[in-house]
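Note sheet for the following structure.
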Amino acid sequence: MTAYRASNDAEFLRQTEAALLNAPFEVGGWTRALSMLASATHSRGSNFLCIGSRLPTLNLFTGYTDHEVQKTFGDAELWGRPNWRIGSVAGPLEVQHEAHYQTYRRLHSTNYYDDATRDIDMPFGCQTLFDREGDSFVGVALMRGRRDGPCTDLTISRFTRLAHLMHQAVRAEDAMAGEGSRIALGEWSAVSQPVLLVNRHRWLCAMSPSAEAFLEKNGPFRLRGALLGLRHPLDHHRWLQLIGYMLGDAPCRVPATLRLRGFPGTSLRVVPLGSAGSELGFGPCLSVAIETEPPLSGASPARKEVPRERLYGRGEHR
């Protein structure tokens, strides 16, 4: 019986490895792979996290309900100093576990986070980073409950092995997102239309050469890391509303025009690009064409336009 279980366990481990490597190429692949990561390490759940001032929060959990996660981690204070998971992060692909968490606890007041993890049943676990820049990082963690107990040597060994494979998959998805952006922009490389490609986190994926001037200090856009926003507060508020409208839980995937109040004569034509992509959302899902009023008479009319059916999609009614 023990030999059968060991054989079965080894087969599931191989399936988990395959699921992690295939996650970027399958619908729902990341949720499935993260769930299998938890099961293969005999842990209650897992968490893929992307957070920091230069990045938006991407927080994928398995093993816990959305209600449990939101109730516990909807409090911004739990992302600060009391959080011994975040406080214990180190270099890329270095694994931290309960011993590191305990070291952090001895140096900081963590009672608030301790109470939260007891309430949701994730007092144990381990973690690693894939990438780090300043206070921004991307990583994965195992969440272990009281029934699971602290990580064993086997837990850490398996997690280390599987995390390396997941890192490869994340890099593959990032590369595919970049390639998708280059292909899309290649359609417009011979025209002067300023175009930006944005993913569902509002990251700027790519832009046409003619769009670069619009991101300068006197332009309508601003970048915070990779996050794309608008410089004028009212325009930025309306931009966030539009993005939420197009990419929210019940998206309305219809092209829209945003006329900028802070930059009269400039408008943005925002067009959804197919689906919103995988759970990570790295790939472009919106094109943003910058339109300006025609120059005054006497200016050169030689500007070459993007064919409307290419940029906006056929059959659009304006």
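Labels used: A, B, ... for chains in the order of the structure tokens, numbers from 1 for residues in each chain, and numbers from 1 for ligands as shown.
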
### Message
So that I can check the secondary structure, give me every residue of region 115-273 of chain A assigned helix (DSSP H, G or I) by backbone DSSP, as an MDAnalysis selection string.
### Response
chainID A and resid 115:120 153:186 209:215 233:247

#### Entry: Distance query Val89 (chain A) at most 9 Å, only C-alpha atoms, self and fewer than 4 positions along chain excluded, as a ChimeraX atom specification
/A:84-85,94-96,127-129

Strand (DSSP E) residues, from DSSP on the backbone, in region 114-222 of chain A, as a short mmCIF file (atom, residue, chain, number, x, y, z; two decimals) with C-alpha atoms, in the first residue's frame:
```cif
data_model
loop_
_atom_site.label_atom_id
_atom_site.label_comp_id
_atom_site.auth_asym_id
_atom_site.auth_seq_id
_atom_site.Cartn_x
_atom_site.Cartn_y
_atom_site.Cartn_z
CA PHE A 124 2.68 28.00 8.25
CA GLY A 125 4.25 27.82 4.81
CA CYS A 126 7.17 28.80 2.61
CA GLN A 127 7.81 31.20 -0.25
CA THR A 128 10.21 32.45 -2.89
CA LEU A 129 10.61 35.41 -5.24
CA PHE A 130 10.89 35.32 -9.02
CA ASP A 131 11.82 38.95 -9.47
CA ARG A 132 12.48 41.99 -7.30
CA GLU A 133 13.06 45.68 -8.04
CA SER A 136 8.22 45.64 -5.95
CA PHE A 137 8.34 41.88 -6.30
CA VAL A 138 6.76 38.83 -7.92
CA GLY A 139 6.69 35.49 -6.13
CA VAL A 140 4.84 32.38 -5.03
CA ALA A 141 4.07 30.96 -1.59
CA LEU A 142 2.59 27.86 0.00
CA MET A 143 -0.05 28.43 2.65
CA ARG A 144 -0.26 25.65 5.25
CA VAL A 195 -0.63 53.82 -30.36
CA LEU A 196 -0.08 52.28 -26.92
CA LEU A 197 -0.86 48.70 -25.87
CA VAL A 198 -2.02 48.15 -22.31
CA LEU A 204 2.18 49.69 -20.67
CA CYS A 205 3.14 46.68 -22.81
CA ALA A 206 4.44 48.51 -25.88
CA MET A 207 3.99 51.64 -27.95
CA PHE A 221 0.37 60.39 -19.96
CA ARG A 222 2.47 59.53 -16.94
#
```

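You can rank A:Gly80, A:Pro209, A:Pro272, A:Gly29 by their closest distance to Cys252 (chain A) using only C-alpha atoms, and at the top of that list sits A:Pro272.
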
### Message
My list of candidates is A:Leu162, A:Tyr104, A:Glu68, A:Gly134. Which is closest to Ala116 (chain A) when distances are computed with only C-alpha atoms?
### Response
A:Glu68

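With only C-alpha atoms as the atoms that count, the minimum distance from Gly244 (chain A) to the choices A:Pro82, A:Ser43, A:Arg200, A:Thr155 is reached by A:Arg200.
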
### Query
With only C-alpha atoms as the basis for distance, which of A:Gly87, A:Leu13, A:Ala175, A:Thr41 is at the shortest distance from Asp153 (chain A)?
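Checking each candidate against Asp153 (chain A), we get A:Thr41 as the closest.
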
### Task
Can you work out the spacing between CA of Pro284 (chain A) and CA of Gly178 (chain A) in Å, to one decimal?
8.5 Å

### Query
Which of these, A:Met166, A:Ala172, A:Cys50, A:Ile120, has the shortest distance to Gly63 (chain A) once you count only C-alpha atoms?
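Distance minimum relative to Gly63 (chain A) lands on A:Ile120.
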
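Atom pair CA of Asp119 (chain A) / CA of Ile156 (chain A) has a distance of 24.3 Å (rounded to one decimal).
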